[in-house]
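Student: Just one file: query_29.txt, with compact mmCIF, C-alpha atoms and all ligand atoms.
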```txt
# COMPACT_ATOMS: atom_id res chain seq x y z
CA MET L 401 0.00 0.00 0.00
CA SER L 402 1.32 3.41 -0.88
CA HIS L 403 0.97 6.25 1.57
CA PRO L 404 0.98 9.92 0.64
CA GLN L 405 4.31 11.66 1.15
CA HIS L 406 3.03 14.87 2.66
CA LEU L 407 0.09 14.32 4.93
CA PRO L 408 -1.95 17.34 6.02
CA SER L 409 -2.18 18.09 9.74
CA GLY L 410 -4.13 15.53 11.72
CA VAL L 411 -3.63 12.87 9.08
CA GLY L 412 -1.47 9.86 9.85
CA THR L 413 -0.85 6.44 8.42
CA PRO L 414 -2.73 3.59 10.07
CA GLN L 415 -0.89 2.42 13.15
CA ALA L 416 -0.70 -0.98 14.72
CA ASP L 417 -1.49 0.78 18.01
CA GLY L 418 -4.90 1.70 16.64
CA ALA L 419 -4.40 5.39 15.83
CA PRO L 420 -6.94 6.90 13.46
CA LEU L 421 -6.06 7.78 9.89
CA VAL L 422 -7.44 11.26 10.48
CA ALA L 423 -7.57 12.67 14.03
CA ARG L 424 -11.02 12.85 15.63
CA THR L 425 -10.29 16.49 16.34
CA ARG L 426 -10.59 17.19 12.60
CA PHE L 427 -14.33 16.37 12.94
CA PRO L 428 -16.04 19.05 15.07
CA LEU L 429 -18.91 16.76 16.12
CA LEU L 430 -16.50 14.05 17.28
CA ARG L 431 -14.31 16.65 18.96
CA ASN L 432 -17.35 17.98 20.85
CA GLN L 433 -18.48 14.50 21.87
CA PRO L 434 -15.27 12.72 22.86
CA ASP L 435 -17.09 9.67 24.28
CA LEU L 436 -19.05 8.97 21.07
CA VAL L 437 -18.06 5.89 19.03
CA TYR L 438 -19.25 6.51 15.49
CA LEU L 439 -19.34 3.30 13.46
CA ASP L 440 -21.97 4.31 10.91
CA SER L 441 -20.05 6.03 8.12
CA ALA L 442 -21.73 3.71 5.60
CA ALA L 443 -25.02 5.46 6.37
CA SER L 444 -23.45 8.90 6.40
CA ALA L 445 -19.99 10.21 7.21
CA GLN L 446 -19.28 12.85 9.85
CA LYS L 447 -18.05 16.14 8.41
CA PRO L 448 -14.46 17.35 8.71
CA ASP L 449 -13.64 20.94 9.69
CA VAL L 450 -12.64 21.95 6.15
CA VAL L 451 -16.06 21.04 4.74
CA ILE L 452 -17.95 22.89 7.48
CA ASP L 453 -15.62 25.90 7.08
CA ARG L 454 -16.23 25.93 3.34
CA LEU L 455 -20.01 25.98 3.84
CA THR L 456 -19.66 28.80 6.38
CA ARG L 457 -17.44 30.81 4.04
CA PHE L 458 -19.95 30.41 1.21
CA TYR L 459 -22.97 31.43 3.26
CA THR L 460 -21.25 34.26 5.13
CA GLY L 461 -19.20 35.78 2.33
CA GLU L 462 -20.04 34.42 -1.11
CA TYR L 463 -23.73 33.61 -1.16
CA ALA L 464 -25.83 34.36 -4.26
CA ASN L 465 -27.78 32.34 -6.77
CA ILE L 466 -25.84 31.24 -9.84
CA HIS L 467 -26.24 31.75 -13.60
CA ARG L 468 -28.78 34.55 -13.54
CA GLY L 469 -26.84 37.30 -11.80
CA LEU L 470 -24.45 39.67 -13.55
CA TYR L 471 -23.09 41.18 -10.34
CA PRO L 472 -19.75 39.95 -8.96
CA LEU L 473 -21.16 37.94 -6.06
CA SER L 474 -23.28 35.83 -8.41
CA GLU L 475 -20.41 35.51 -10.86
CA ILE L 476 -18.15 34.16 -8.10
CA ALA L 477 -20.81 31.69 -6.95
CA THR L 478 -21.25 30.53 -10.55
CA GLU L 479 -17.50 30.12 -10.98
CA ASN L 480 -17.22 28.10 -7.76
CA TYR L 481 -20.18 25.91 -8.71
CA ASP L 482 -18.62 25.25 -12.13
CA ALA L 483 -15.26 24.55 -10.48
CA ALA L 484 -17.00 22.02 -8.21
CA ARG L 485 -18.25 20.18 -11.28
CA THR L 486 -14.72 20.09 -12.66
CA ARG L 487 -13.50 18.79 -9.28
CA VAL L 488 -16.04 15.94 -9.27
CA ALA L 489 -15.07 15.14 -12.87
CA ARG L 490 -11.41 14.92 -11.84
CA PHE L 491 -12.34 12.66 -8.89
CA LEU L 492 -14.02 10.22 -11.30
CA ASN L 493 -11.68 10.83 -14.25
CA ALA L 494 -14.70 12.01 -16.25
CA GLY L 495 -15.04 14.94 -18.62
CA ARG L 496 -16.61 17.99 -16.95
CA ASP L 497 -19.56 17.83 -19.36
CA GLU L 498 -20.23 14.26 -18.23
CA VAL L 499 -21.04 15.19 -14.61
CA ILE L 500 -24.61 16.10 -13.61
CA PHE L 501 -25.19 17.41 -10.10
CA THR L 502 -28.04 15.59 -8.34
CA HIS L 503 -29.27 15.71 -4.76
CA ASN L 504 -28.08 12.20 -3.87
CA ALA L 505 -27.22 8.82 -5.39
CA THR L 506 -30.89 7.85 -5.51
CA GLU L 507 -31.72 10.78 -7.77
CA GLY L 508 -28.96 9.54 -10.08
CA THR L 509 -30.55 6.11 -10.59
CA ASN L 510 -33.99 7.68 -11.01
CA LEU L 511 -32.61 10.17 -13.53
CA VAL L 512 -31.20 7.33 -15.63
CA ALA L 513 -34.44 5.35 -15.33
CA HIS L 514 -36.50 8.30 -16.55
CA ALA L 515 -34.22 10.08 -19.02
CA PHE L 516 -32.59 6.99 -20.52
CA GLY L 517 -35.10 4.24 -19.72
CA ASP L 518 -38.30 5.93 -20.80
CA ALA L 519 -36.75 7.09 -24.07
CA ASN L 520 -34.87 3.94 -25.05
CA LEU L 521 -36.40 0.80 -23.57
CA ARG L 522 -39.30 -1.05 -25.18
CA PRO L 523 -41.87 -3.53 -23.88
CA GLY L 524 -40.23 -6.87 -23.19
CA ASP L 525 -36.71 -5.46 -22.80
CA LEU L 526 -34.71 -6.97 -19.95
CA ILE L 527 -32.92 -5.07 -17.15
CA LEU L 528 -30.51 -6.89 -14.83
CA THR L 529 -29.92 -5.84 -11.28
CA THR L 530 -28.17 -7.91 -8.58
CA LEU L 531 -28.93 -9.38 -5.19
CA LEU L 532 -26.31 -7.09 -3.62
CA GLU L 533 -28.16 -3.89 -4.43
CA HIS L 534 -29.47 -1.13 -2.22
CA HIS L 535 -33.16 -0.39 -2.86
CA ALA L 536 -31.97 2.75 -4.71
CA ASN L 537 -30.70 0.46 -7.48
CA ILE L 538 -33.78 -1.81 -7.52
CA VAL L 539 -36.92 0.25 -7.02
CA PRO L 540 -36.35 2.79 -9.86
CA TRP L 541 -35.97 -0.17 -12.24
CA GLN L 542 -39.17 -1.77 -10.92
CA LEU L 543 -41.03 1.49 -11.51
CA LEU L 544 -39.54 1.69 -15.00
CA LYS L 545 -40.51 -1.94 -15.60
CA GLU L 546 -44.14 -1.09 -14.77
CA ARG L 547 -44.14 2.05 -16.93
CA ARG L 548 -42.54 0.42 -19.95
CA HIS L 549 -43.68 -3.21 -19.50
CA LEU L 550 -40.12 -4.48 -19.18
CA ARG L 551 -38.64 -7.54 -17.53
CA LEU L 552 -36.34 -7.39 -14.52
CA ALA L 553 -34.02 -10.12 -13.21
CA ALA L 554 -31.38 -10.21 -10.47
CA VAL L 555 -27.88 -11.68 -10.64
CA PRO L 556 -27.51 -14.04 -7.65
CA ILE L 557 -24.58 -14.28 -5.25
CA ASP L 558 -22.49 -17.25 -4.17
CA ALA L 559 -22.04 -18.64 -0.67
CA HIS L 560 -19.33 -16.06 0.13
CA GLY L 561 -21.44 -13.07 -0.85
CA ASP L 562 -19.70 -12.43 -4.18
CA LEU L 563 -21.67 -12.01 -7.39
CA ASP L 564 -22.10 -15.29 -9.21
CA LEU L 565 -20.40 -14.45 -12.52
CA GLU L 566 -21.34 -17.75 -14.15
CA ARG L 567 -24.99 -17.03 -13.58
CA PHE L 568 -24.38 -13.48 -14.75
CA GLU L 569 -22.93 -14.81 -18.01
CA MET L 570 -26.04 -17.00 -18.42
CA LEU L 571 -28.36 -14.05 -17.81
CA LEU L 572 -26.41 -12.02 -20.38
CA SER L 573 -27.37 -14.57 -23.03
CA ARG L 574 -30.93 -13.26 -22.58
CA GLU L 575 -29.64 -9.96 -24.05
CA PRO L 576 -30.44 -7.40 -21.36
CA LYS L 577 -30.37 -3.75 -22.39
CA LEU L 578 -29.07 -2.47 -19.07
CA VAL L 579 -27.09 -3.94 -16.17
CA CYS L 580 -27.43 -2.11 -12.82
CA VAL L 581 -24.74 -3.08 -10.35
CA THR L 582 -23.22 -1.76 -7.16
CA ALA L 583 -19.48 -1.08 -6.89
CA ALA L 584 -19.60 -2.08 -3.22
CA ALA L 585 -22.49 -3.49 -1.19
CA ASN L 586 -23.63 -1.35 1.72
CA THR L 587 -24.73 -4.42 3.69
CA ILE L 588 -21.86 -6.91 3.67
CA GLY L 589 -19.18 -4.77 2.02
CA THR L 590 -18.64 -6.90 -1.10
CA VAL L 591 -16.54 -5.14 -3.75
CA THR L 592 -17.71 -6.27 -7.18
CA PRO L 593 -15.33 -6.94 -10.13
CA LEU L 594 -16.66 -3.93 -12.02
CA LYS L 595 -14.22 -3.84 -14.90
CA GLU L 596 -14.96 -7.46 -15.73
CA ILE L 597 -18.72 -6.93 -15.32
CA VAL L 598 -18.70 -3.90 -17.64
CA ALA L 599 -16.70 -5.78 -20.28
CA MET L 600 -19.02 -8.79 -20.10
CA ALA L 601 -22.14 -6.59 -20.30
CA HIS L 602 -20.79 -4.59 -23.22
CA ARG L 603 -19.92 -7.78 -25.12
CA ALA L 604 -23.56 -8.78 -24.70
CA GLY L 605 -24.76 -5.39 -25.94
CA ALA L 606 -25.93 -4.00 -22.57
CA LEU L 607 -25.14 -0.63 -21.01
CA VAL L 608 -23.98 -0.51 -17.38
CA MET L 609 -25.26 1.65 -14.54
CA VAL L 610 -22.93 1.62 -11.50
CA ASP L 611 -24.11 2.49 -8.01
CA ALA L 612 -20.95 3.87 -6.42
CA ALA L 613 -22.63 5.50 -3.41
CA GLN L 614 -20.92 3.16 -0.96
CA ALA L 615 -17.69 2.52 -2.85
CA ALA L 616 -16.68 6.11 -3.61
CA PRO L 617 -15.31 6.93 -0.11
CA HIS L 618 -13.22 3.73 -0.13
CA PHE L 619 -11.49 3.32 -3.48
CA ARG L 620 -10.83 5.12 -6.74
CA LEU L 621 -13.55 4.87 -9.37
CA ASP L 622 -12.08 5.77 -12.73
CA VAL L 623 -15.00 5.88 -15.16
CA ARG L 624 -12.74 5.84 -18.23
CA ASP L 625 -10.85 2.82 -17.02
CA LEU L 626 -14.07 1.03 -15.99
CA ASP L 627 -15.77 2.10 -19.24
CA CYS L 628 -19.15 2.16 -17.43
CA ASP L 629 -21.98 4.16 -18.99
CA PHE L 630 -23.60 5.69 -15.89
CA LEU L 631 -22.27 6.01 -12.33
CA THR L 632 -23.91 7.61 -9.31
CA ILE L 633 -22.32 8.95 -6.10
CA THR L 634 -23.63 10.81 -3.04
CA GLY L 635 -21.92 13.66 -1.19
CA HIS L 636 -22.85 12.84 2.40
CA LYS L 637 -21.00 9.50 2.36
CA LEU L 638 -17.92 11.24 0.93
CA TYR L 639 -17.44 13.44 4.03
CA GLY L 640 -19.34 16.16 2.17
CA PRO L 641 -22.73 17.79 2.78
CA ASP L 642 -26.07 16.05 2.35
CA GLY L 643 -28.38 17.16 -0.44
CA ILE L 644 -25.70 16.86 -3.11
CA GLY L 645 -24.69 13.99 -5.36
CA ALA L 646 -23.43 13.48 -8.87
CA LEU L 647 -24.24 11.30 -11.82
CA TYR L 648 -21.67 10.47 -14.47
CA VAL L 649 -23.10 9.87 -17.94
CA LYS L 650 -20.83 8.93 -20.84
CA GLU L 651 -20.67 11.90 -23.19
CA LYS L 652 -22.11 10.23 -26.27
CA LEU L 653 -25.12 9.01 -24.26
CA LEU L 654 -25.67 12.32 -22.50
CA ALA L 655 -26.00 14.19 -25.79
CA ASP L 656 -29.17 12.21 -26.66
CA LEU L 657 -30.85 12.12 -23.24
CA PRO L 658 -34.05 14.15 -22.87
CA PRO L 659 -34.47 16.23 -19.69
CA PHE L 660 -35.64 14.47 -16.53
CA MET L 661 -37.44 17.44 -14.94
CA GLY L 662 -38.63 20.64 -16.57
CA GLY L 663 -38.02 24.13 -15.27
CA GLY L 664 -35.58 27.00 -15.16
CA GLY L 665 -31.83 26.64 -15.52
CA ILE L 666 -32.04 23.87 -18.12
CA ILE L 667 -33.16 25.86 -21.12
CA ARG L 668 -31.75 27.92 -23.95
CA SER L 669 -35.08 29.54 -24.82
CA VAL L 670 -38.75 28.96 -23.98
CA SER L 671 -41.95 29.94 -25.76
CA ILE L 672 -45.37 28.73 -24.64
CA ASP L 673 -45.33 26.01 -27.29
CA HIS L 674 -41.71 24.98 -27.32
CA THR L 675 -38.50 24.79 -25.29
CA ASP L 676 -34.99 24.66 -26.63
CA TYR L 677 -32.91 22.87 -23.98
CA ALA L 678 -29.42 23.67 -22.80
CA ALA L 679 -26.69 21.30 -23.95
CA GLY L 680 -24.63 19.25 -21.50
CA PRO L 681 -25.24 18.51 -17.83
CA ARG L 682 -27.22 21.69 -17.12
CA ARG L 683 -30.12 20.17 -19.08
CA PHE L 684 -30.66 17.88 -16.07
CA GLU L 685 -30.31 20.45 -13.29
CA ALA L 686 -33.73 22.09 -13.22
CA GLY L 687 -34.26 24.82 -10.66
CA THR L 688 -31.76 26.24 -8.20
CA PRO L 689 -29.25 23.52 -7.38
CA ALA L 690 -27.58 22.84 -4.02
CA ILE L 691 -24.93 25.49 -4.68
CA GLY L 692 -23.19 25.58 -1.32
CA ALA L 693 -23.30 21.81 -0.98
CA ALA L 694 -21.73 21.35 -4.43
CA ILE L 695 -18.92 23.77 -3.56
CA ALA L 696 -18.29 22.05 -0.21
CA LEU L 697 -18.38 18.64 -1.91
CA ALA L 698 -15.36 19.76 -3.92
CA THR L 699 -13.60 20.49 -0.60
CA ALA L 700 -14.59 17.04 0.71
CA LEU L 701 -13.00 15.43 -2.36
CA ASP L 702 -9.81 17.41 -1.69
CA PHE L 703 -9.93 16.06 1.88
CA ILE L 704 -10.20 12.45 0.62
CA ASP L 705 -7.51 12.83 -2.02
CA GLU L 706 -5.12 14.37 0.52
CA ILE L 707 -5.51 11.29 2.69
CA GLY L 708 -5.14 9.05 -0.35
CA PHE L 709 -7.01 5.89 -1.29
CA GLY L 710 -3.94 3.76 -0.57
CA ALA L 711 -3.98 4.85 3.07
CA ILE L 712 -7.78 4.53 3.26
CA ALA L 713 -7.67 0.95 1.93
CA ALA L 714 -4.94 -0.01 4.41
CA HIS L 715 -6.88 1.54 7.29
CA ASP L 716 -10.11 -0.20 6.17
CA ALA L 717 -8.36 -3.56 5.97
CA ALA L 718 -6.60 -3.17 9.32
CA LEU L 719 -9.79 -2.23 11.16
CA THR L 720 -11.94 -4.85 9.43
CA ASP L 721 -9.46 -7.65 10.19
CA TYR L 722 -9.12 -6.50 13.77
CA ALA L 723 -12.90 -6.23 14.22
CA ALA L 724 -13.60 -9.62 12.60
CA GLY L 725 -11.09 -11.22 14.98
CA ARG L 726 -12.50 -9.55 18.08
CA LEU L 727 -16.16 -10.12 17.15
CA ALA L 728 -15.40 -13.85 16.87
CA GLU L 729 -14.86 -13.81 20.66
CA ILE L 730 -18.60 -13.27 21.20
CA SER L 731 -20.57 -16.50 21.32
CA GLY L 732 -23.48 -16.68 18.91
CA LEU L 733 -22.20 -13.80 16.80
CA LYS L 734 -22.19 -14.44 13.07
CA ILE L 735 -20.68 -12.17 10.42
CA LEU L 736 -22.58 -12.28 7.13
CA GLY L 737 -20.58 -12.91 3.96
CA ARG L 738 -16.93 -13.65 3.29
CA PRO L 739 -16.44 -11.83 -0.01
CA GLN L 740 -13.06 -11.86 -1.77
CA HIS L 741 -12.75 -8.10 -1.45
CA ARG L 742 -14.62 -5.93 1.01
CA ILE L 743 -14.68 -2.33 2.15
CA GLY L 744 -14.75 -1.47 5.85
CA ILE L 745 -18.20 -2.86 6.61
CA LEU L 746 -19.21 -5.80 8.81
CA SER L 747 -22.81 -7.02 9.10
CA PHE L 748 -23.54 -9.45 11.89
CA THR L 749 -26.28 -11.16 13.85
CA LEU L 750 -26.35 -12.29 17.47
CA ASP L 751 -28.21 -15.54 18.07
CA GLY L 752 -31.67 -14.91 19.49
CA ILE L 753 -31.26 -11.13 19.76
CA HIS L 754 -33.08 -8.77 17.42
CA PRO L 755 -30.75 -6.38 15.58
CA HIS L 756 -32.88 -3.42 16.69
CA ASP L 757 -32.26 -4.37 20.33
CA ILE L 758 -28.52 -4.46 19.63
CA GLY L 759 -28.68 -1.03 17.99
CA THR L 760 -30.73 0.50 20.81
CA LEU L 761 -28.61 -0.92 23.62
CA LEU L 762 -25.36 0.11 21.95
CA GLY L 763 -26.86 3.55 21.39
CA GLU L 764 -27.37 3.84 25.13
CA SER L 765 -23.63 3.22 25.50
CA ARG L 766 -22.92 6.05 23.01
CA ILE L 767 -22.01 3.63 20.21
CA CYS L 768 -23.55 4.34 16.81
CA ILE L 769 -24.10 1.36 14.53
CA ARG L 770 -26.92 0.66 12.09
CA ALA L 771 -29.48 -2.11 12.57
CA GLY L 772 -32.18 -3.31 10.22
CA HIS L 773 -32.45 -4.34 6.60
CA HIS L 774 -30.11 -1.56 5.33
CA CYS L 775 -32.42 -0.86 2.38
CA ALA L 776 -31.47 -4.26 0.95
CA GLN L 777 -34.33 -6.59 1.76
CA PRO L 778 -33.70 -9.02 -1.14
CA LEU L 779 -30.21 -9.68 0.23
CA MET L 780 -31.51 -10.08 3.79
CA GLU L 781 -34.00 -12.63 2.50
CA HIS L 782 -31.16 -14.50 0.77
CA PHE L 783 -29.39 -14.83 4.12
CA GLY L 784 -32.64 -15.83 5.81
CA VAL L 785 -32.67 -12.88 8.21
CA THR L 786 -34.90 -9.83 8.49
CA GLY L 787 -32.01 -7.61 9.41
CA THR L 788 -28.49 -7.37 10.79
CA ALA L 789 -26.39 -5.08 12.94
CA ARG L 790 -23.76 -3.29 10.87
CA ALA L 791 -20.55 -1.58 11.90
CA SER L 792 -18.84 0.50 9.24
CA PHE L 793 -15.54 2.32 9.36
CA GLY L 794 -14.49 5.82 8.42
CA VAL L 795 -11.10 7.53 8.48
CA HIS L 796 -11.59 8.67 12.10
CA ASN L 797 -12.08 5.17 13.52
CA THR L 798 -9.59 3.33 15.70
CA THR L 799 -9.12 -0.14 17.14
CA GLN L 800 -10.25 1.39 20.47
CA ASP L 801 -13.61 2.08 18.82
CA VAL L 802 -13.78 -1.60 17.89
CA ASP L 803 -12.88 -2.56 21.47
CA ARG L 804 -15.74 -0.40 22.81
CA LEU L 805 -18.09 -2.09 20.32
CA VAL L 806 -17.00 -5.60 21.29
CA ASP L 807 -17.16 -4.90 25.04
CA SER L 808 -20.66 -3.49 24.71
CA LEU L 809 -21.80 -6.39 22.54
CA ALA L 810 -20.52 -8.79 25.18
CA ARG L 811 -22.63 -6.91 27.76
CA VAL L 812 -25.69 -7.06 25.49
CA ARG L 813 -25.10 -10.79 25.12
CA GLN L 814 -24.95 -11.17 28.93
CA MET L 815 -28.03 -9.05 29.50
CA LEU L 816 -30.27 -10.72 26.93
CA ARG L 817 -29.05 -14.26 27.32
C1 LIG E 1 -26.42 4.99 0.64
C2 LIG E 1 -26.54 4.21 -0.59
C3 LIG E 1 -27.41 4.60 -1.60
C4 LIG E 1 -28.33 5.79 -1.48
O1 LIG E 1 -27.66 6.99 -1.25
P1 LIG E 1 -28.56 8.28 -1.01
O2 LIG E 1 -27.61 9.33 -0.65
O3 LIG E 1 -29.49 7.93 0.12
O4 LIG E 1 -29.30 8.52 -2.27
C5 LIG E 1 -27.46 3.85 -2.75
N1 LIG E 1 -26.69 2.77 -2.88
C6 LIG E 1 -25.84 2.36 -1.95
C7 LIG E 1 -25.01 1.16 -2.20
C8 LIG E 1 -25.74 3.07 -0.76
O5 LIG E 1 -24.91 2.65 0.19
```
The structure in this file should be written as structure tokens.
Ligand SMILES: *Cc1c(COP(=O)(O)O)cnc(C)c1O
Tutor:
Amino acid sequence: MSHPQHLPSGVGTPQADGAPLVARTRFPLLRNQPDLVYLDSAASAQKPDVVIDRLTRFYTGEYANIHRGLYPLSEIATENYDAARTRVARFLNAGRDEVIFTHNATEGTNLVAHAFGDANLRPGDLILTTLLEHHANIVPWQLLKERRHLRLAAVPIDAHGDLDLERFEMLLSREPKLVCVTAAANTIGTVTPLKEIVAMAHRAGALVMVDAAQAAPHFRLDVRDLDCDFLTITGHKLYGPDGIGALYVKEKLLADLPPFMGGGGIIRSVSIDHTDYAAGPRRFEAGTPAIGAAIALATALDFIDEIGFGAIAAHDAALTDYAAGRLAEISGLKILGRPQHRIGILSFTLDGIHPHDIGTLLGESRICIRAGHHCAQPLMEHFGVTGTARASFGVHNTTQDVDRLVDSLARVRQMLR
């Protein structure tokens, strides 16, 4: 693993002694609540000082709406918003005209379902999703299926929790038009072999929609290298603000997509009978966008790139290995899935104890984990459970956080035995 040469203040390499990758003090909420153990970054990441400072600077010194103003304040806001788009494009190795700002990852999948799906898919066409997906990458396709009378099938997983690529190959022989796949599963952490999946899908004549909401804070997603057609991310999991996300659309596809929502900001000219739409990503950004959130998302991406994905991957692996080892000490605890590659997420069950009880009792001990179906009920059903408890790691976490989790779980076990 390569580590960055010049780490910004508060950023260190993962230590065997359990030091965080980024000091807790860099996160104002964690600094203000020193006893809090936050193990829920997969649901949403806490915000570092630089992101909060950037929002404050925007709202206290730079605030104006974009595009329509000719005065300097509006021009600066417009420039910063445009620069944020370029920053997201650089993060994904996309062209700047291939990045549409959305409000979250879910809007990205819905945008593709409406703008691409409604215009291009015909009755009887097949869409493939997978058993690893978040509801955000299932439900929009079900709605599209109903609207357009399509067929929908899911790629199954093997006993380890990896996608079953043999079954995928078989499903491809049914000539799907679109394959919708996650880059990393938010439930059991499985990292999917995206490059291989995209190549297989393209050989079969299908386009590929990647849900990178969970993967993007953990490893580099290079859309040119992957050659995917659509890819969605969400700001709040990337240490950025909520209410902002981005959708990558391959340039040659974007040119032909009709608008998703109508309104201001997306037009060249409007008469009562006809609208001439703007070219490029602005065609999909109707109304006033999340200007401040977009600008602060750019800062969040700087924060991640300064840490470096090499260091993040090493930290993820160290914490996950440590946690898996320690959790094994608790009798009746079962970790779901043993995928070949995983991000820093562990889903587990405790024999005879409802995941919600685990979540509530840990919450009383100031430990934040997620419990439930994680918006992935088809996968829960596959494992024969209604839900799990899930611990997920961010750059601020330490082995001491894992120790607090394990000690509290042992107490829960005692109490509810
Ligand atoms: C969180 C998540 C989403 C949804 O993100 P939103 O910001 O809620 O739209 C979609 N897919 C995966 C894999 C996720 O983890």
Student: Enclose ligand LIG 1 (chain E), meaning all of its atoms listed in the file, in a box aligned along x, y and z, pad it by 3 Å on each side, and list the centre and edge lengths in Å to one decimal, as lines of an AutoDock Vina configuration file.
Tutor:
```
center_x = -27.2
center_y = 5.2
center_z = -1.1
size_x = 10.6
size_y = 14.2
size_z = 9.5
```
Student: Please produce, as a tab-separated table, a per-residue contact table for chain L versus ligand LIG 1 (chain E) (criterion: any atom at most 7 Å away, all atoms listed in the file considered), showing the nearest atom pair and its distance in Å to one decimal, sorted by chain then residue number.
Tutor:
```
residue	atom	partner	partner_atom	distance
L:Ala442	CA	E:LIG1	O5	6.4
L:Ala443	CA	E:LIG1	C1	5.9
L:Asn504	CA	E:LIG1	O4	4.2
L:Ala505	CA	E:LIG1	O4	3.8
L:Thr506	CA	E:LIG1	O4	3.7
L:Glu507	CA	E:LIG1	O4	6.4
L:Glu533	CA	E:LIG1	C7	6.4
L:His534	CA	E:LIG1	N1	4.8
L:Ala536	CA	E:LIG1	C5	5.0
L:Asn537	CA	E:LIG1	N1	6.5
L:Thr582	CA	E:LIG1	C7	6.0
L:Ala584	CA	E:LIG1	C7	6.4
L:Ala585	CA	E:LIG1	C7	5.4
L:Asn586	CA	E:LIG1	O5	4.5
L:Asp611	CA	E:LIG1	N1	5.7
L:Ala612	CA	E:LIG1	C7	6.5
L:Ala613	CA	E:LIG1	C6	4.7
L:Gln614	CA	E:LIG1	O5	4.2
L:Thr634	CA	E:LIG1	O2	4.9
L:His636	CA	E:LIG1	O2	6.7
```
Student: Output as a Markdown table one row per residue of region 553-645 of chain L within 12 Å of region 759-778 of chain L: the closest atom pair and its distance in Å to one decimal place, counting all atoms listed in the file, sorted by chain and residue number ascending.
Tutor:
```
| residue | atom | partner | partner_atom | distance |
| --- | --- | --- | --- | --- |
| L:Ala554 | CA | L:Pro778 | CA | 9.7 |
| L:Val555 | CA | L:Pro778 | CA | 11.5 |
| L:Pro556 | CA | L:Pro778 | CA | 10.3 |
| L:Ile557 | CA | L:Pro778 | CA | 11.3 |
| L:Thr582 | CA | L:Ala776 | CA | 11.8 |
| L:Ala585 | CA | L:Ala776 | CA | 9.3 |
| L:Asn586 | CA | L:His774 | CA | 7.4 |
| L:Thr587 | CA | L:His774 | CA | 6.3 |
| L:Ile588 | CA | L:His774 | CA | 10.0 |
| L:Gly589 | CA | L:His774 | CA | 11.9 |
```
Student: Quick one: of L:Ala810, L:Ala718, L:Leu736, L:Ala419, who's nearest to Arg790 (chain L), counting all atoms listed in the file?
Tutor: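 Checking each candidate against Arg790 (chain L), we get L:Leu736 as the closest.
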Student: For CA of Gly561 (chain L) and CA of Val539 (chain L), quote the distance in Å rounded to one decimal.
Tutor: 21.3 Å
Student: For each of L:Ile753, L:Ala583, L:Ala724, L:Ala513, take the minimum atom-to-atom distance to Val806 (chain L), counting all atoms listed in the file, then give the residue where this is smallest.
Tutor: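 Smallest separation from Val806 (chain L) among the options: L:Ala724.
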